[in-house]
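A.B. asks: I have a structure I would like to understand better, so I am pasting it below and will then ask my questions one at a time.
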Amino acid sequence: MKITNARVIVCSPGRNFVTLLIETDEGLTGLGDGSLNGRELSVASYLTDHVIPCLIGRDPQQIEDIWHYLYRGAYWRRGPVTMSAIAAVDTALWDIKAKAAGMPLYQLLGGASRERVMVYAHANGRDIAETVDEVHKHAELGYKAIRALSGVPGLNKVYGVITDGQKYEPATKGLPTEQDWDTSKYLLHTPKLFDAVRSAIGWDHHLLHDVHHRLTPIEAARLGKDLEPFRLFWMEDPTPAENQEAFRLIRQHTTTPVAVGEIFNSLWDCKDLIQNQLIDYIRATVVHAGGITHLRRIADFAAMYQ
């Protein structure tokens, strides 16, 4: 079997989704997603100009070999654009392999190990009362885990808080938006939010919170400590993860679980955080972290450290 053609499809009103279609001489095709929120066209160009010419004529069944060729052969390694492009190729090749085998991909990867998976929903509002109402709505829909965010008094607009009825989207088409920020107001407000949510919803649901990389390590440690009475499932992205050693200070001061990694794109971004057990959840994705091939390595490595 040989790859005969590959093309990038960019579509969707309001934002760009990047899909890679790989075709073979045996009629099998594979689809892969390379959407990088807010920078999708960079991935589309990388695929069209630098990756697709490397694929024509190759055996699509040699997934491991192609992955390393794209990762090592370009000299410039890692980074969100490169790894999202590789992820698109990798996922499309796994799609072809599963079709060739005549079974769903999860069977090729070892079969199912769970009958269901818990997911979480985003509940946010302009103030605490509105957020509590949204939490109730998501609980009634059956969600067992709910992420709660609210507007902060004194700030006109807070990142992650949607007030016009639309769904939360971390990065949209076009130029980045700017928001107000005041750390002291936020640190005073957030424990009040979760006090209200717990009082309203009780203890049968998991609660999550996203800090959006906004705090210094000691500020994040203080927030984690203040949130301990409310037993969060996790506190996400408490401080910029470029300085991985910063998470050691957070860990020393709070037992609130820490999650990080949605902007990570390789095992090397999280290796120290995982092996030093400075985080509790790694949130790297198939689309941004090199596809199924590489995300499995991250997951297996994380499993060694629980």
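FYI, nothing fancy with the structure tokens labels: chains A, B, ... in order, residues from 1 per chain, ligands from 1 as they appear.
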Could you give me, as a PyMOL selection string, each residue of stretch 40-169 of chain A that DSSP assigns to helix (DSSP H, G or I) when run on this structure's backbone?
C.D. replies: chain A and resi 40-55+63-72+80-101+105-108+128-140
A.B. asks: For A:His253, please output as a PDB file with all heavy atoms, in the first residue's frame all residues within 10 Å (counting only C-alpha atoms; exclusion window: fewer than 6 positions along the same chain).
C.D. replies:
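Result saved to out19.pdb:
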ATOM      1  N   ILE A 218       3.673  31.450  44.342  1.00  0.00           N
ATOM      2  CA  ILE A 218       3.219  31.617  45.724  1.00  0.00           C
ATOM      3  C   ILE A 218       1.755  32.051  45.768  1.00  0.00           C
ATOM      4  O   ILE A 218       1.009  31.675  46.695  1.00  0.00           O
ATOM      5  CB  ILE A 218       4.137  32.614  46.487  1.00  0.00           C
ATOM      6  CG1 ILE A 218       3.923  32.474  48.007  1.00  0.00           C
ATOM      7  CG2 ILE A 218       3.905  34.044  46.028  1.00  0.00           C
ATOM      8  CD1 ILE A 218       4.320  31.142  48.564  1.00  0.00           C
ATOM      9  N   ALA A 220      -0.459  31.072  43.530  1.00  0.00           N
ATOM     10  CA  ALA A 220      -1.174  29.826  43.236  1.00  0.00           C
ATOM     11  C   ALA A 220      -1.230  28.924  44.463  1.00  0.00           C
ATOM     12  O   ALA A 220      -2.248  28.269  44.721  1.00  0.00           O
ATOM     13  CB  ALA A 220      -0.499  29.103  42.073  1.00  0.00           C
ATOM     14  N   ALA A 221      -0.151  28.888  45.223  1.00  0.00           N
ATOM     15  CA  ALA A 221      -0.128  28.093  46.449  1.00  0.00           C
ATOM     16  C   ALA A 221      -1.170  28.611  47.435  1.00  0.00           C
ATOM     17  O   ALA A 221      -1.879  27.837  48.088  1.00  0.00           O
ATOM     18  CB  ALA A 221       1.265  28.134  47.067  1.00  0.00           C
ATOM     19  N   ARG A 222      -1.289  29.925  47.545  1.00  0.00           N
ATOM     20  CA  ARG A 222      -2.272  30.518  48.450  1.00  0.00           C
ATOM     21  C   ARG A 222      -3.690  30.171  47.998  1.00  0.00           C
ATOM     22  O   ARG A 222      -4.549  29.814  48.817  1.00  0.00           O
ATOM     23  CB  ARG A 222      -2.100  32.036  48.502  1.00  0.00           C
ATOM     24  CG  ARG A 222      -3.054  32.719  49.485  1.00  0.00           C
ATOM     25  CD  ARG A 222      -3.123  34.218  49.250  1.00  0.00           C
ATOM     26  NE  ARG A 222      -1.800  34.825  49.155  1.00  0.00           N
ATOM     27  CZ  ARG A 222      -1.573  36.047  48.703  1.00  0.00           C
ATOM     28  NH1 ARG A 222      -2.584  36.801  48.296  1.00  0.00           N
ATOM     29  NH2 ARG A 222      -0.343  36.534  48.639  1.00  0.00           N
ATOM     30  N   LEU A 223      -3.951  30.263  46.697  1.00  0.00           N
ATOM     31  CA  LEU A 223      -5.280  29.927  46.198  1.00  0.00           C
ATOM     32  C   LEU A 223      -5.597  28.457  46.461  1.00  0.00           C
ATOM     33  O   LEU A 223      -6.705  28.125  46.918  1.00  0.00           O
ATOM     34  CB  LEU A 223      -5.377  30.224  44.703  1.00  0.00           C
ATOM     35  CG  LEU A 223      -6.714  29.855  44.061  1.00  0.00           C
ATOM     36  CD1 LEU A 223      -7.855  30.671  44.667  1.00  0.00           C
ATOM     37  CD2 LEU A 223      -6.664  30.051  42.541  1.00  0.00           C
ATOM     38  N   GLY A 224      -4.631  27.583  46.170  1.00  0.00           N
ATOM     39  CA  GLY A 224      -4.859  26.168  46.410  1.00  0.00           C
ATOM     40  C   GLY A 224      -5.185  25.886  47.862  1.00  0.00           C
ATOM     41  O   GLY A 224      -6.081  25.079  48.172  1.00  0.00           O
ATOM     42  N   LYS A 225      -4.492  26.544  48.756  1.00  0.00           N
ATOM     43  CA  LYS A 225      -4.747  26.361  50.189  1.00  0.00           C
ATOM     44  C   LYS A 225      -6.126  26.887  50.582  1.00  0.00           C
ATOM     45  O   LYS A 225      -6.854  26.260  51.356  1.00  0.00           O
ATOM     46  CB  LYS A 225      -3.660  27.069  50.998  1.00  0.00           C
ATOM     47  CG  LYS A 225      -3.565  26.626  52.452  1.00  0.00           C
ATOM     48  CD  LYS A 225      -2.303  27.178  53.091  1.00  0.00           C
ATOM     49  CE  LYS A 225      -2.108  26.617  54.488  1.00  0.00           C
ATOM     50  NZ  LYS A 225      -1.832  25.159  54.461  1.00  0.00           N
TER      51      LYS A 225
END
A.B. asks: Counting only C-alpha atoms, give me one row per residue of stretch 83-159 of chain A with an atom at most 12 Å from an atom of stretch 211-214 of chain A, showing the shortest contact pair and its distance in Å to one decimal, sorted by chain then residue number, as CSV.
C.D. replies:
residue,atom,partner,partner_atom,distance
A:Arg147,CA,A:Val211,CA,11.1
A:Ala148,CA,A:Val211,CA,10.7
A:Leu149,CA,A:Val211,CA,9.1
A:Ser150,CA,A:Val211,CA,11.4
A:Val158,CA,A:His212,CA,10.5
A:Tyr159,CA,A:His212,CA,8.1
A.B. asks: Can you spit out the residues from that selection as a PDB file, in the first residue's frame, using N, CA and C atoms?
C.D. replies:
ATOM      1  N   ARG A 147     -16.827  22.440  35.845  1.00  0.00           N
ATOM      2  CA  ARG A 147     -15.837  23.502  36.029  1.00  0.00           C
ATOM      3  C   ARG A 147     -16.561  24.813  36.253  1.00  0.00           C
ATOM      4  N   ALA A 148     -16.213  25.509  37.329  1.00  0.00           N
ATOM      5  CA  ALA A 148     -16.913  26.738  37.692  1.00  0.00           C
ATOM      6  C   ALA A 148     -15.988  27.948  37.596  1.00  0.00           C
ATOM      7  N   LEU A 149     -16.446  28.973  36.879  1.00  0.00           N
ATOM      8  CA  LEU A 149     -15.765  30.260  36.777  1.00  0.00           C
ATOM      9  C   LEU A 149     -16.821  31.355  36.873  1.00  0.00           C
ATOM     10  N   SER A 150     -16.432  32.502  37.386  1.00  0.00           N
ATOM     11  CA  SER A 150     -17.384  33.615  37.399  1.00  0.00           C
ATOM     12  C   SER A 150     -16.640  34.926  37.190  1.00  0.00           C
ATOM     13  N   VAL A 158     -13.465  39.048  32.124  1.00  0.00           N
ATOM     14  CA  VAL A 158     -12.497  38.070  32.612  1.00  0.00           C
ATOM     15  C   VAL A 158     -12.397  36.937  31.610  1.00  0.00           C
ATOM     16  N   TYR A 159     -11.172  36.580  31.237  1.00  0.00           N
ATOM     17  CA  TYR A 159     -10.955  35.493  30.272  1.00  0.00           C
ATOM     18  C   TYR A 159     -11.574  34.193  30.784  1.00  0.00           C
TER      19      TYR A 159
END
A.B. asks: Near A:Ala259, within 8 Å and counting only C-alpha atoms, which residues show up once chain neighbours fewer than 3 positions away are dropped, as a count of residues only?
C.D. replies: 9
A.B. asks: Applying 8 Å and only C-alpha atoms, which residues near A:Val286 remain after dropping the ones on its own chain fewer than 4 positions away? List them as an MDAnalysis selection string.
C.D. replies: chainID A and resid 87 290:292 295
A.B. asks: If DSSP is run on the backbone, what residues of stretch 91-246 of chain A are strand (DSSP E or B)? A reply as a list in words would be ideal.
C.D. replies: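 Output for stretch 91-246 of chain A, strand (DSSP E or B) only: Tyr120, Ala121, His122, Ala123, Asn124, Gly125, Ala145, Ile146, Arg147, Ala148, Leu149, Ser150, His206, Leu207, Leu208, His209, Asp210, Trp234, Met235 and Glu236 of chain A.
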A.B. asks: Take the selection from the previous step and output its residues with N, CA, C and O atoms, as a short mmCIF file (atom, residue, chain, number, x, y, z; two decimals), in the first residue's frame.
C.D. replies:
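Below is the file selection_16.cif, written as the result:
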data_model
loop_
_atom_site.label_atom_id
_atom_site.label_comp_id
_atom_site.auth_asym_id
_atom_site.auth_seq_id
_atom_site.Cartn_x
_atom_site.Cartn_y
_atom_site.Cartn_z
N TYR A 120 -16.38 16.63 31.99
CA TYR A 120 -16.83 17.80 32.73
C TYR A 120 -17.36 18.87 31.79
O TYR A 120 -17.01 18.91 30.61
N ALA A 121 -18.22 19.72 32.34
CA ALA A 121 -18.82 20.81 31.57
C ALA A 121 -18.35 22.14 32.14
O ALA A 121 -17.89 22.23 33.28
N HIS A 122 -18.47 23.19 31.33
CA HIS A 122 -18.09 24.54 31.74
C HIS A 122 -19.31 25.29 32.24
O HIS A 122 -20.28 25.49 31.49
N ALA A 123 -19.28 25.73 33.48
CA ALA A 123 -20.36 26.55 34.03
C ALA A 123 -19.77 27.90 34.43
O ALA A 123 -18.87 27.95 35.27
N ASN A 124 -20.25 28.96 33.84
CA ASN A 124 -19.75 30.28 34.22
C ASN A 124 -20.85 31.33 34.13
O ASN A 124 -21.88 31.11 33.51
N GLY A 125 -20.61 32.44 34.80
CA GLY A 125 -21.60 33.50 34.81
C GLY A 125 -20.97 34.84 35.14
O GLY A 125 -19.79 34.91 35.51
N ALA A 145 -19.01 16.07 36.89
CA ALA A 145 -17.90 16.99 37.13
C ALA A 145 -18.20 18.30 36.41
O ALA A 145 -18.62 18.29 35.25
N ILE A 146 -17.99 19.41 37.10
CA ILE A 146 -18.36 20.72 36.55
C ILE A 146 -17.26 21.72 36.87
O ILE A 146 -16.82 21.83 38.01
N ARG A 147 -16.83 22.44 35.84
CA ARG A 147 -15.84 23.50 36.03
C ARG A 147 -16.56 24.81 36.25
O ARG A 147 -17.44 25.18 35.46
N ALA A 148 -16.21 25.51 37.33
CA ALA A 148 -16.91 26.74 37.69
C ALA A 148 -15.99 27.95 37.60
O ALA A 148 -14.88 27.95 38.14
N LEU A 149 -16.45 28.97 36.88
CA LEU A 149 -15.76 30.26 36.78
C LEU A 149 -16.82 31.35 36.87
O LEU A 149 -17.96 31.16 36.45
N SER A 150 -16.43 32.50 37.39
CA SER A 150 -17.38 33.62 37.40
C SER A 150 -16.64 34.93 37.19
O SER A 150 -15.42 35.01 37.36
N HIS A 206 -18.08 16.56 41.41
CA HIS A 206 -16.70 17.06 41.37
C HIS A 206 -16.70 18.49 40.84
O HIS A 206 -17.39 18.79 39.86
N LEU A 207 -15.89 19.34 41.46
CA LEU A 207 -15.77 20.73 41.01
C LEU A 207 -14.35 21.00 40.55
O LEU A 207 -13.38 20.53 41.17
N LEU A 208 -14.23 21.75 39.45
CA LEU A 208 -12.94 22.09 38.87
C LEU A 208 -12.85 23.60 38.71
O LEU A 208 -13.87 24.29 38.66
N HIS A 209 -11.61 24.09 38.57
CA HIS A 209 -11.42 25.52 38.35
C HIS A 209 -10.17 25.73 37.51
O HIS A 209 -9.16 25.05 37.70
N ASP A 210 -10.26 26.66 36.56
CA ASP A 210 -9.14 26.98 35.67
C ASP A 210 -8.59 28.36 36.02
O ASP A 210 -9.33 29.35 35.98
N TRP A 234 -9.70 19.34 40.59
CA TRP A 234 -8.39 19.88 40.25
C TRP A 234 -8.43 21.40 40.12
O TRP A 234 -9.48 21.99 39.91
N MET A 235 -7.27 22.00 40.27
CA MET A 235 -7.01 23.41 39.99
C MET A 235 -6.11 23.42 38.76
O MET A 235 -4.99 22.92 38.79
N GLU A 236 -6.63 23.98 37.68
CA GLU A 236 -5.96 23.84 36.39
C GLU A 236 -5.07 25.04 36.06
O GLU A 236 -5.45 26.19 36.30
#
A.B. asks: Write out as a ChimeraX atom specification the residues lying within 8 Å of A:Lys2, counting only C-alpha atoms and excluding same-chain residues fewer than 5 positions away.
C.D. replies: /A:24-26,56-60
A.B. asks: How close does each residue of stretch 178-284 of chain A get to stretch 130-141 of chain A, giving the shortest atom pair and distance in Å to one decimal for every residue with an atom at most 8 Å away, counting only C-alpha atoms, sorted by chain and residue number, as CSV?
C.D. replies:
residue,atom,partner,partner_atom,distance
A:Ala196,CA,A:Val132,CA,7.2
A:Val197,CA,A:Val132,CA,5.6
A:Ala200,CA,A:Val132,CA,7.2
A:Ile201,CA,A:His136,CA,7.0
A:His205,CA,A:Ala139,CA,7.9
A.B. asks: Write out as a PyMOL selection string which residues come within 8 Å of A:Phe230 when counting only C-alpha atoms, dropping same-chain ones fewer than 4 positions away.
C.D. replies: chain A and resi 194-195+198
A.B. asks: Restrict the selected residues to C-alpha atoms and save them as a CSV table (one decimal), in the first residue's frame.
C.D. replies:
chain,number,residue,atom,x,y,z
A,194,PHE,CA,-16.7,27.8,45.6
A,195,ASP,CA,-18.1,28.3,49.0
A,198,ARG,CA,-20.6,23.8,47.4
A.B. asks: How far is it from atom CA of A:Leu28 to atom CA of A:Ile9, in Å with one decimal?
C.D. replies: 17.7 Å
A.B. asks: Which one of A:Arg39, A:Lys192, A:His50, A:Arg78 sits closest to A:His294 if you count only C-alpha atoms?
C.D. replies: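 Nearest candidate to A:His294 out of A:Arg39, A:Lys192, A:His50, A:Arg78: A:Arg78.
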A.B. asks: When you look at A:Glu242 with a cut-off of 12 Å (counting only C-alpha atoms), what residues show up, excluding the ones that are within fewer than 3 positions of it in the same chain? I need them as JSON, numbers by chain.
C.D. replies: {"A": [213, 217, 237, 238, 239, 245, 246, 247, 260, 261, 263, 264, 268, 269, 270, 272, 273]}
A.B. asks: Looking at A:Ala284, A:Ser84, A:Ala92, A:Val43, which one is nearest to A:Arg296, with distances taken over only C-alpha atoms?
C.D. replies: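 Residue with the minimum atom-to-atom distance to A:Arg296: A:Ala284.
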